[in-house]
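Next up, my_file03.cif (mmCIF, C-alpha atoms):
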```
data_my_file
#
loop_
_atom_site.label_atom_id
_atom_site.label_comp_id
_atom_site.auth_asym_id
_atom_site.auth_seq_id
_atom_site.Cartn_x
_atom_site.Cartn_y
_atom_site.Cartn_z
CA MET A 1 124.97 47.42 54.74
CA PHE A 2 127.43 45.74 57.11
CA GLU A 3 130.42 47.44 55.50
CA THR A 4 128.99 50.92 55.94
CA TYR A 5 127.71 50.55 59.49
CA PHE A 6 130.35 48.30 61.02
CA PRO A 7 133.04 51.07 61.02
CA ILE A 8 130.66 53.43 62.83
CA VAL A 9 129.87 50.83 65.47
CA PHE A 10 133.59 50.19 65.80
CA LEU A 11 134.28 53.91 66.20
CA LEU A 12 131.58 54.03 68.87
CA LEU A 13 133.27 51.18 70.74
CA VAL A 14 136.70 52.83 70.48
CA SER A 15 135.20 56.06 71.75
CA ILE A 16 133.47 54.38 74.69
CA ALA A 17 136.69 52.53 75.52
CA ALA A 18 138.74 55.72 75.40
CA GLY A 19 136.23 57.59 77.55
CA GLY A 20 135.99 54.76 80.07
CA GLY A 21 139.77 54.45 80.11
CA LEU A 22 140.15 58.11 80.94
CA TYR A 23 137.65 57.70 83.79
CA LEU A 24 139.57 54.79 85.25
CA LEU A 25 142.94 56.51 84.83
CA SER A 26 141.80 59.61 86.67
CA LYS A 27 140.27 57.44 89.37
CA PHE A 28 143.56 55.62 89.99
CA LEU A 29 145.97 58.50 89.41
CA GLY A 30 143.98 61.27 91.02
CA ARG A 31 145.08 62.35 94.44
CA LYS A 32 142.75 61.85 97.38
CA SER A 33 142.35 64.41 100.09
CA PRO A 34 140.59 63.94 103.43
CA GLU A 35 136.85 64.58 103.59
CA SER A 36 135.81 68.15 104.03
CA LYS A 37 132.33 69.55 104.37
CA TYR A 38 133.15 72.37 101.94
CA MET A 39 133.78 69.85 99.22
CA ASP A 40 130.14 68.84 99.29
CA THR A 41 128.55 72.26 98.98
CA PRO A 42 127.72 73.61 95.52
CA TYR A 43 130.17 76.21 94.27
CA GLU A 44 128.80 79.69 94.78
CA CYS A 45 131.93 81.82 94.76
CA GLY A 46 132.73 81.05 98.39
CA VAL A 47 129.40 82.29 99.72
CA GLU A 48 127.24 79.84 101.68
CA PRO A 49 124.59 78.48 99.26
CA VAL A 50 121.11 79.89 99.83
CA GLY A 51 118.07 77.77 99.08
CA ASP A 52 117.68 74.84 96.76
CA THR A 53 118.65 74.65 93.09
CA ARG A 54 115.54 72.79 92.05
CA GLU A 55 113.45 75.88 91.72
CA ARG A 56 111.23 77.03 88.92
CA PHE A 57 112.87 78.49 85.86
CA PRO A 58 111.25 80.64 83.15
CA VAL A 59 108.68 78.90 80.98
CA LYS A 60 110.22 80.57 77.92
CA PHE A 61 112.82 77.83 77.71
CA TYR A 62 110.03 75.28 77.49
CA LEU A 63 108.35 77.27 74.72
CA ILE A 64 111.62 77.36 72.79
CA ALA A 65 111.85 73.58 73.07
CA ILE A 66 108.34 73.15 71.66
CA LEU A 67 108.95 75.59 68.81
CA PHE A 68 112.18 73.78 68.04
CA ILE A 69 110.33 70.51 67.48
CA VAL A 70 107.92 72.13 65.01
CA PHE A 71 110.61 73.90 63.00
CA ASP A 72 113.18 71.15 63.11
CA ILE A 73 110.71 68.66 61.72
CA GLU A 74 110.00 71.18 58.96
CA VAL A 75 113.71 71.14 58.16
CA VAL A 76 113.89 67.36 58.20
CA PHE A 77 111.00 67.23 55.71
CA MET A 78 113.01 69.43 53.37
CA TYR A 79 115.88 66.96 52.98
CA PRO A 80 114.10 64.34 50.84
CA TRP A 81 112.51 67.16 48.89
CA ALA A 82 115.92 68.70 48.21
CA VAL A 83 117.39 65.38 47.04
CA VAL A 84 114.71 64.75 44.41
CA TYR A 85 114.13 68.40 43.53
CA ASP A 86 115.66 67.93 40.06
CA ARG A 87 112.86 65.58 39.11
CA LEU A 88 110.04 67.43 40.87
CA ALA A 89 110.91 70.81 39.27
CA LEU A 90 108.03 73.28 39.23
CA PHE A 91 105.65 70.93 41.05
CA GLY A 92 108.15 70.56 43.87
CA PHE A 93 108.69 74.28 44.13
CA ILE A 94 104.98 75.04 44.44
CA GLU A 95 104.57 72.24 46.96
CA MET A 96 107.34 73.73 49.07
CA LEU A 97 105.81 77.21 48.76
CA VAL A 98 102.55 75.87 50.17
CA PHE A 99 104.38 73.98 52.93
CA ILE A 100 106.41 77.00 53.98
CA GLY A 101 103.35 79.22 53.61
CA ILE A 102 101.48 77.16 56.20
CA LEU A 103 104.48 77.33 58.53
CA LEU A 104 104.74 81.06 57.93
CA ILE A 105 101.24 81.52 59.34
CA GLY A 106 102.37 79.69 62.46
CA TYR A 107 105.56 81.71 62.61
CA VAL A 108 103.66 85.00 62.41
CA TYR A 109 101.31 83.75 65.13
CA ILE A 110 104.31 82.93 67.36
CA LEU A 111 105.76 86.37 66.80
CA ARG A 112 102.44 88.15 67.43
CA SER A 113 101.70 86.18 70.59
CA GLY A 114 105.10 87.16 71.98
CA ALA A 115 106.49 83.66 72.46
CA LEU A 116 109.90 84.79 71.24
CA LYS A 117 110.01 87.90 73.35
CA TRP A 118 112.87 88.02 75.82
CA ASP A 119 113.00 90.72 78.41
CA MET B 120 133.84 40.36 54.11
CA ASP B 121 137.21 38.82 54.96
CA TRP B 122 139.38 39.54 57.97
CA ILE B 123 141.77 41.84 56.07
CA THR B 124 138.90 44.25 55.39
CA ILE B 125 138.07 44.23 59.07
CA VAL B 126 141.70 44.95 59.97
CA ILE B 127 141.78 47.83 57.48
CA ILE B 128 138.60 49.28 58.98
CA ALA B 129 139.99 48.91 62.49
CA VAL B 130 143.25 50.64 61.57
CA LYS B 131 141.41 53.46 59.84
CA VAL B 132 139.11 54.02 62.82
CA VAL B 133 141.92 53.98 65.37
CA VAL B 134 144.13 56.30 63.31
CA VAL B 135 141.35 58.83 62.71
CA PHE B 136 140.33 58.72 66.35
CA ALA B 137 143.92 59.25 67.51
CA VAL B 138 144.45 62.11 65.05
CA LEU B 139 141.22 63.74 66.19
CA LEU B 140 142.19 63.60 69.86
CA THR B 141 145.72 64.82 69.15
CA GLY B 142 144.21 67.59 67.08
CA CYS B 143 142.01 68.56 70.04
CA ALA B 144 145.02 68.65 72.36
CA TRP B 145 147.10 70.91 70.15
CA MET B 146 144.05 72.97 69.30
CA THR B 147 144.14 74.15 72.93
CA TRP B 148 147.80 75.09 72.49
CA LEU B 149 147.03 76.98 69.27
CA GLU B 150 144.14 78.78 70.91
CA ARG B 151 146.14 79.92 73.92
CA LYS B 152 149.01 80.97 71.69
CA LEU B 153 146.91 82.92 69.19
CA VAL B 154 144.69 84.60 71.76
CA ALA B 155 147.83 85.55 73.67
CA ARG B 156 149.32 87.10 70.53
CA ILE B 157 146.10 89.00 69.84
CA GLN B 158 146.35 90.43 73.35
CA THR B 159 150.12 91.05 72.93
CA ARG B 160 151.08 88.37 75.43
CA LEU B 161 153.34 85.41 74.82
CA GLY B 162 151.09 82.56 75.91
CA PRO B 163 152.54 79.24 77.11
CA MET B 164 156.34 79.31 76.80
CA ASN B 165 157.83 76.97 79.38
CA ALA B 166 156.86 73.41 78.41
CA GLY B 167 158.95 72.69 75.34
CA PHE B 168 159.75 74.97 72.39
CA GLN B 169 157.17 77.78 72.38
CA GLY B 170 155.16 75.78 74.90
CA LEU B 171 154.46 73.01 72.38
CA LEU B 172 154.37 70.36 75.10
CA GLN B 173 151.81 72.29 77.11
CA PRO B 174 148.84 70.03 76.10
CA ILE B 175 150.70 67.00 77.49
CA ALA B 176 151.42 68.81 80.73
CA ASP B 177 147.76 69.83 80.93
CA MET B 178 146.60 66.27 80.42
CA ILE B 179 148.88 64.92 83.13
CA LYS B 180 147.72 67.66 85.46
CA LEU B 181 144.06 66.85 84.81
CA LEU B 182 144.66 63.14 85.38
CA LEU B 183 146.45 63.75 88.68
CA LYS B 184 143.74 66.03 90.07
CA GLU B 185 141.28 64.66 92.58
CA ASP B 186 138.09 63.35 91.03
CA ILE B 187 135.56 64.98 93.33
CA SER B 188 131.97 63.92 93.00
CA PRO B 189 130.08 66.04 95.55
CA LYS B 190 127.27 64.61 97.65
CA HIS B 191 124.62 67.00 96.37
CA VAL B 192 124.77 65.74 92.77
CA ASP B 193 122.66 63.12 91.08
CA LYS B 194 125.43 60.47 90.94
CA MET B 195 124.43 58.48 87.87
CA ILE B 196 123.64 61.36 85.53
CA TYR B 197 126.53 63.41 86.87
CA ALA B 198 128.96 60.63 85.97
CA LEU B 199 127.45 59.95 82.55
CA ALA B 200 127.31 63.54 81.30
CA PRO B 201 131.01 63.89 80.37
CA LEU B 202 130.81 60.65 78.40
CA ALA B 203 127.67 61.91 76.69
CA ALA B 204 129.63 64.99 75.63
CA PHE B 205 132.72 63.11 74.55
CA ILE B 206 131.29 60.19 72.56
CA PRO B 207 128.95 61.99 70.10
CA ALA B 208 131.65 64.60 69.50
CA THR B 209 134.01 61.94 68.20
CA LEU B 210 131.36 60.03 66.23
CA SER B 211 130.42 62.55 63.57
CA ILE B 212 133.87 62.52 61.97
CA ALA B 213 133.07 59.00 60.69
CA VAL B 214 131.40 60.08 57.44
CA VAL B 215 133.76 62.91 56.49
CA PRO B 216 136.01 61.96 53.56
CA PHE B 217 139.56 63.11 54.17
CA GLY B 218 141.12 61.92 50.93
CA SER B 219 140.28 60.11 47.69
CA SER B 220 141.52 56.54 47.81
CA VAL B 221 144.89 54.87 47.96
CA GLU B 222 146.28 51.58 46.67
CA LEU B 223 147.99 49.73 49.49
CA PHE B 224 149.26 46.14 49.15
CA GLY B 225 147.11 45.74 46.05
CA ARG B 226 143.97 46.80 47.89
CA HIS B 227 141.71 49.73 47.21
CA ILE B 228 141.23 51.77 50.37
CA ASP B 229 138.78 54.67 50.54
CA LEU B 230 139.99 57.42 52.83
CA VAL B 231 136.73 57.74 54.73
CA ILE B 232 135.68 55.68 57.71
CA SER B 233 132.24 54.94 56.34
CA ASN B 234 130.85 55.98 52.96
CA LEU B 235 127.35 56.30 54.35
CA ASN B 236 124.62 57.02 51.81
CA ILE B 237 122.76 59.25 54.27
CA GLY B 238 125.98 61.03 55.31
CA ILE B 239 124.78 64.50 56.23
CA LEU B 240 121.67 63.25 58.02
CA TYR B 241 123.91 61.09 60.19
CA VAL B 242 126.05 64.13 61.01
CA LEU B 243 122.99 66.17 61.99
CA ALA B 244 121.64 63.35 64.12
CA VAL B 245 124.89 62.73 65.98
CA THR B 246 125.82 66.36 66.54
CA SER B 247 122.43 67.14 68.05
CA LEU B 248 123.06 64.47 70.69
CA GLY B 249 125.54 66.88 72.27
CA VAL B 250 122.72 68.89 73.82
CA TYR B 251 121.87 65.94 76.10
CA ALA B 252 125.26 66.11 77.76
CA ILE B 253 124.76 69.76 78.59
CA ALA B 254 121.24 69.31 79.90
CA MET B 255 122.35 66.30 81.95
CA ALA B 256 125.38 68.06 83.40
CA GLY B 257 123.42 71.22 84.15
CA TRP B 258 120.58 69.47 85.88
CA SER B 259 122.45 66.78 87.78
CA SER B 260 125.08 69.11 89.27
CA ASN B 261 122.45 70.64 91.55
CA SER B 262 124.21 73.98 91.48
CA LYS B 263 122.58 77.21 90.39
CA TYR B 264 125.35 78.17 87.99
CA SER B 265 125.22 74.76 86.35
CA LEU B 266 121.45 74.77 86.01
CA LEU B 267 121.37 78.24 84.47
CA GLY B 268 124.22 77.39 82.13
CA GLY B 269 122.56 74.13 81.18
CA ILE B 270 119.13 75.48 80.29
CA ARG B 271 120.59 78.49 78.52
CA SER B 272 122.86 76.30 76.49
CA ALA B 273 120.14 73.79 75.64
CA ALA B 274 117.84 76.57 74.40
CA GLN B 275 120.67 78.14 72.43
CA MET B 276 121.73 74.91 70.79
CA ILE B 277 118.27 73.86 69.69
CA SER B 278 117.49 77.37 68.42
CA TYR B 279 120.52 77.49 66.18
CA GLU B 280 120.12 73.93 65.01
CA ILE B 281 117.21 75.02 62.82
CA GLY B 282 119.36 77.51 60.94
CA LEU B 283 122.09 74.90 60.64
CA GLY B 284 119.68 72.38 59.14
CA LEU B 285 118.25 74.92 56.70
CA SER B 286 121.67 75.99 55.46
CA ILE B 287 122.57 72.38 54.75
CA VAL B 288 119.28 71.90 52.86
CA VAL B 289 120.64 74.45 50.37
CA VAL B 290 123.78 72.38 49.84
CA VAL B 291 121.65 69.27 49.33
CA LEU B 292 119.57 71.22 46.80
CA LEU B 293 122.69 72.26 44.91
CA SER B 294 124.28 68.82 44.83
CA GLY B 295 121.19 66.60 44.78
CA THR B 296 122.66 64.11 47.24
CA VAL B 297 123.15 63.66 50.98
CA ASN B 298 126.28 61.56 50.55
CA LEU B 299 129.37 63.52 51.59
CA VAL B 300 131.74 61.64 49.27
CA GLU B 301 129.60 62.52 46.24
CA MET B 302 129.36 66.13 47.39
CA VAL B 303 133.14 66.40 47.44
CA ASN B 304 133.45 64.80 44.02
CA GLN B 305 131.07 67.39 42.57
CA GLN B 306 133.26 70.28 43.77
CA SER B 307 136.35 69.24 41.84
CA SER B 308 137.51 72.73 40.84
CA ILE B 309 137.58 75.86 42.93
CA LEU B 310 134.82 77.45 40.81
CA GLN B 311 132.46 74.62 41.71
CA TRP B 312 132.83 75.11 45.44
CA ASN B 313 129.45 75.46 47.06
CA VAL B 314 130.62 78.50 48.97
CA PHE B 315 130.63 80.45 45.69
CA ALA B 316 127.40 78.88 44.53
CA ASN B 317 125.65 80.06 47.68
CA PRO B 318 127.68 82.22 50.09
CA VAL B 319 124.61 83.01 52.23
CA ALA B 320 124.21 79.35 53.12
CA PHE B 321 127.84 79.16 54.22
CA LEU B 322 127.48 82.28 56.34
CA ILE B 323 124.38 80.89 58.07
CA TYR B 324 126.06 77.52 58.52
CA PHE B 325 129.12 79.04 60.09
CA ILE B 326 127.23 81.35 62.46
CA CYS B 327 125.02 78.47 63.58
CA ALA B 328 127.97 76.13 63.93
CA VAL B 329 129.78 78.57 66.19
CA ALA B 330 126.63 78.86 68.29
CA GLU B 331 126.24 75.07 68.34
CA THR B 332 129.73 74.59 69.69
CA ASN B 333 129.15 77.25 72.36
CA ARG B 334 132.04 79.39 71.23
CA ASN B 335 132.53 83.10 71.36
CA PRO B 336 130.59 85.31 70.53
CA PHE B 337 127.90 82.76 71.45
CA ASP B 338 129.60 81.37 74.55
CA LEU B 339 126.81 82.35 76.96
CA PRO B 340 126.48 78.90 78.53
CA GLU B 341 129.95 79.26 79.95
CA ALA B 342 130.07 83.02 80.27
CA GLU B 343 132.87 83.16 82.83
CA SER B 344 132.01 86.57 84.13
CA GLU B 345 128.46 85.64 85.14
CA LEU B 346 128.15 81.86 85.33
CA VAL B 347 131.64 80.78 86.44
CA ALA B 348 131.92 77.83 84.04
CA GLY B 349 128.25 77.23 83.20
CA TYR B 350 127.16 73.63 83.09
CA PHE B 351 130.51 72.19 84.15
CA THR B 352 131.05 74.32 87.24
CA GLU B 353 130.81 71.31 89.56
CA TYR B 354 133.12 69.07 87.55
CA SER B 355 136.75 68.42 88.30
CA SER B 356 139.63 66.31 87.11
CA MET B 357 139.26 64.31 83.88
CA LYS B 358 135.47 64.67 83.88
CA PHE B 359 136.06 68.38 83.37
CA GLY B 360 138.68 67.53 80.78
CA MET B 361 136.27 65.41 78.80
CA PHE B 362 133.83 68.29 78.36
CA PHE B 363 136.77 70.23 77.06
CA VAL B 364 137.88 67.54 74.64
CA GLY B 365 134.27 67.17 73.49
CA GLU B 366 134.02 70.87 72.77
CA TYR B 367 137.23 70.94 70.77
CA ALA B 368 136.32 67.75 68.92
CA ASN B 369 133.04 69.41 67.97
CA MET B 370 134.92 72.42 66.65
CA ILE B 371 137.16 70.24 64.51
CA THR B 372 134.12 68.37 63.22
CA VAL B 373 132.40 71.63 62.32
CA GLY B 374 135.51 72.68 60.41
CA ALA B 375 135.66 69.31 58.66
CA ILE B 376 131.97 69.40 57.68
CA ALA B 377 132.27 73.01 56.46
CA THR B 378 135.29 72.01 54.37
CA THR B 379 133.39 69.08 52.91
CA LEU B 380 130.14 70.90 52.22
CA PHE B 381 131.40 74.25 51.03
CA PHE B 382 135.11 74.18 50.27
CA GLY B 383 135.63 71.15 48.07
CA GLY B 384 136.75 68.78 50.80
CA TRP B 385 140.16 67.23 50.21
CA GLN B 386 140.49 68.45 46.63
CA GLY B 387 143.27 70.83 45.69
CA PRO B 388 146.25 71.13 43.36
CA PHE B 389 149.87 69.95 43.87
CA LEU B 390 149.72 68.87 47.51
CA PRO B 391 148.41 65.44 48.58
CA PRO B 392 144.64 65.34 49.31
CA VAL B 393 144.96 64.56 53.02
CA LEU B 394 147.23 67.57 53.48
CA TRP B 395 144.75 69.83 51.69
CA PHE B 396 142.01 68.58 53.98
CA VAL B 397 144.12 69.31 57.07
CA ILE B 398 145.03 72.79 55.76
CA LYS B 399 141.40 73.70 55.14
CA VAL B 400 140.25 72.45 58.54
CA ALA B 401 143.15 74.24 60.24
CA ALA B 402 142.14 77.46 58.51
CA PHE B 403 138.71 77.11 60.10
CA MET B 404 140.24 76.52 63.51
CA VAL B 405 142.34 79.67 63.21
CA PHE B 406 139.23 81.60 62.19
CA TYR B 407 137.40 80.23 65.24
CA ILE B 408 140.15 81.44 67.56
CA TRP B 409 140.36 84.74 65.73
CA THR B 410 136.67 85.46 66.34
CA ARG B 411 137.16 84.52 69.97
CA GLY B 412 140.00 86.98 70.30
CA THR B 413 138.10 89.77 68.55
CA LEU B 414 134.39 89.76 69.32
CA PRO B 415 132.52 90.56 72.53
CA ARG B 416 129.81 88.25 73.84
CA PHE B 417 126.14 88.57 72.88
CA ARG B 418 123.47 89.34 75.43
CA TYR B 419 121.00 86.46 75.84
CA ASP B 420 117.96 88.25 74.41
CA GLN B 421 120.05 89.42 71.44
CA LEU B 422 121.15 85.87 70.85
CA MET B 423 117.61 84.49 70.85
CA ASN B 424 116.24 87.33 68.73
CA PHE B 425 119.03 86.90 66.21
CA GLY B 426 118.45 83.17 65.96
CA TRP B 427 114.69 83.20 65.64
CA LYS B 428 113.94 86.53 63.97
CA VAL B 429 116.90 86.98 61.65
CA LEU B 430 118.58 83.65 60.89
CA LEU B 431 115.43 81.56 60.56
CA PRO B 432 113.61 83.80 58.00
CA VAL B 433 116.80 84.44 56.05
CA ALA B 434 117.59 80.73 55.92
CA VAL B 435 114.07 79.80 54.73
CA LEU B 436 114.20 82.55 52.11
CA ASN B 437 117.60 81.30 51.01
CA VAL B 438 116.21 77.81 50.45
CA LEU B 439 113.33 79.17 48.37
CA VAL B 440 115.56 81.48 46.29
CA THR B 441 118.02 78.67 45.61
CA ALA B 442 115.16 76.41 44.55
CA LEU B 443 113.80 79.16 42.29
CA ILE B 444 117.19 79.76 40.66
CA LYS B 445 117.59 76.04 40.09
CA LEU B 446 114.18 75.95 38.44
CA TRP B 447 115.26 78.48 35.87
#
```
As structure tokens, the full file:
Amino acid sequence: MFETYFPIVFLLLVSIAAGGGLYLLSKFLGRKSPESKYMDTPYECGVEPVGDTRERFPVKFYLIAILFIVFDIEVVFMYPWAVVYDRLALFGFIEMLVFIGILLIGYVYILRSGALKWD
Amino acid sequence: MDWITIVIIAVKVVVVFAVLLTGCAWMTWLERKLVARIQTRLGPMNAGFQGLLQPIADMIKLLLKEDISPKHVDKMIYALAPLAAFIPATLSIAVVPFGSSVELFGRHIDLVISNLNIGILYVLAVTSLGVYAIAMAGWSSNSKYSLLGGIRSAAQMISYEIGLGLSIVVVVLLSGTVNLVEMVNQQSSILQWNVFANPVAFLIYFICAVAETNRNPFDLPEAESELVAGYFTEYSSMKFGMFFVGEYANMITVGAIATTLFFGGWQGPFLPPVLWFVIKVAAFMVFYIWTRGTLPRFRYDQLMNFGWKVLLPVAVLNVLVTALIKLW
């Protein structure tokens, strides 16, 4: 257990150290210019920014996020099934058919209700 | 576990990490050079022979630039986002075997950082962390370009992750294990490569992987012509550089995973295993750049329709057909 996970933790530490090191380096080496009010406005191709960024954005993105959870969990369920498929054989195949069949109903419903429609 | 084992692990980790970062740096050189050649330009020529020292010059330039953190951003999240892009990108290489094993000073050393028994699940888990960096950067920058780039990219990445997962399920079905080292050992000859056993899975994997790494033709999050630089518009200096390194590290990881899953990993005749691994990964990198130089960008609705209405059904069908064939 220790021998398999220790290297990953070590890699994580090396990675954090390298990232933090780069931060510090650019902080010390980077040039500093005097304050300017244009430095603090969001970049909008040189045009004065209009309005706030924190506005509403299309709900479709939210729908995609919800659908992702449903389908990604479906995929995660398939991994253990795939590993032991040799032993499950026909039983496993029929089980998976039923599982995907249920999801297919949901998928058709999503398509029919227009959740994946982009215009 | 004695201290020598710990030293060996430490050396392995540091060497792989250094090679990965160097690979990222010269990946940018290769990309500029190849894209330039595709467009009948010369690309970088001045720094060193054929511009080979260009990555070093770029890095020094990035380090010397002013690290601006504008007042309108959400300080904490804005500062953490580049790290959140950089760290997961370097982590997933840990389970990829890049050689068999060598005898050194009478010790048996496996050429893989960690022979994790849940290998591919770890890769999926770590690579999906990358979406946080993009959402964080997009939201915290408080700029319209960043926000649009961020939400677009987040939706794109999670949409294509499903196809990615499903294509890997097929490989797990074929090999009956989620351990990457065992997968490589099963593909000892070229005829046993998973890419020949199930080319559809490889195709889906590669399309999804390109979309996951936000590369052309799926580079909508950073579509220069409409969103400036997408989610990292407001970043400068090394913070900008770290998003870049993260992206290239992700590309290298995708190439390494594809090599391991579908192309027999480090196995090959005559040449040493590590060299074979590097050659295969490099081939993927060239292919990446080639597609970038050749293909136009998707429109956003096309991208979403393709992901949800084409890739998803095909990938599910592919899993079922593979299972059916295996049943026979």
key: Surrounding residues of stretch 3-18 of chain A excluding itself and chain neighbours under 5 positions, 6 Å, only C-alpha atoms, as a list in words   =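 Surrounding residues, per the criterion: Val132, Ile206, Ser233 and Leu235 of chain B.
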With C-alpha atoms retained, export the selected residues as a tab-separated table (two decimals), in the coordinates of the input.
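So result20.tsv came out as:
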```
chain	number	residue	atom	x	y	z
B	132	VAL	CA	139.11	54.02	62.82
B	206	ILE	CA	131.29	60.19	72.56
B	233	SER	CA	132.24	54.94	56.34
B	235	LEU	CA	127.35	56.30	54.35
```
inquiry  = Using only C-alpha atoms and a distance of at most 7 Å, pull out the residues of chain A that contact chain B, as JSON, numbers by chain.
reply    = {"A": [4, 7, 8, 11, 12, 15, 16, 19, 22, 23, 25, 26, 27, 29, 30, 31, 32, 39, 40, 42, 43, 53, 61, 64, 65, 68, 71, 72, 75, 78, 79, 82, 83, 84, 85, 89, 90, 93, 118, 119]}
ask   = What is the distance between atom CA of B:Phe417 and atom CA of B:Leu339, in Å to one decimal?
value =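 Result for atom CA of B:Phe417 versus atom CA of B:Leu339: 7.5 Å, one decimal.
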message = One number please: atom CA of B:Val215 to atom CA of B:Val242, in Å, one decimal.
response =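 Atom-to-atom, atom CA of B:Val215 to atom CA of B:Val242, that is 9.0 Å.
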request  = Pick out the residues sitting within 10 Å of stretch 385-402 of chain B, and hand them over as a PyMOL selection string; count all atoms listed in the file, and ignore anything fewer than 5 positions along from it in its own chain.
outcome  = chain B and resi 142+146+215-220+230+303-304+306-309+370-379+407
task = Rank B:Ile444, B:Val154, B:Ala176, B:Ile408 by their smallest atom-to-atom distance to B:Asn317, using all atoms listed in the file, and report the top residue only.
result = B:Ile444
ask   = atom CA of B:Phe381 to atom CA of B:Trp312: how many Å, to one decimal?
value =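 Interatomic distance here is 5.8 Å.
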ask   = Any idea what's packed within 10 Å of B:Asp338, counting all atoms listed in the file, ignoring anything in its chain fewer than 3 positions away? Could you give it as a count of residues only?
value = 17
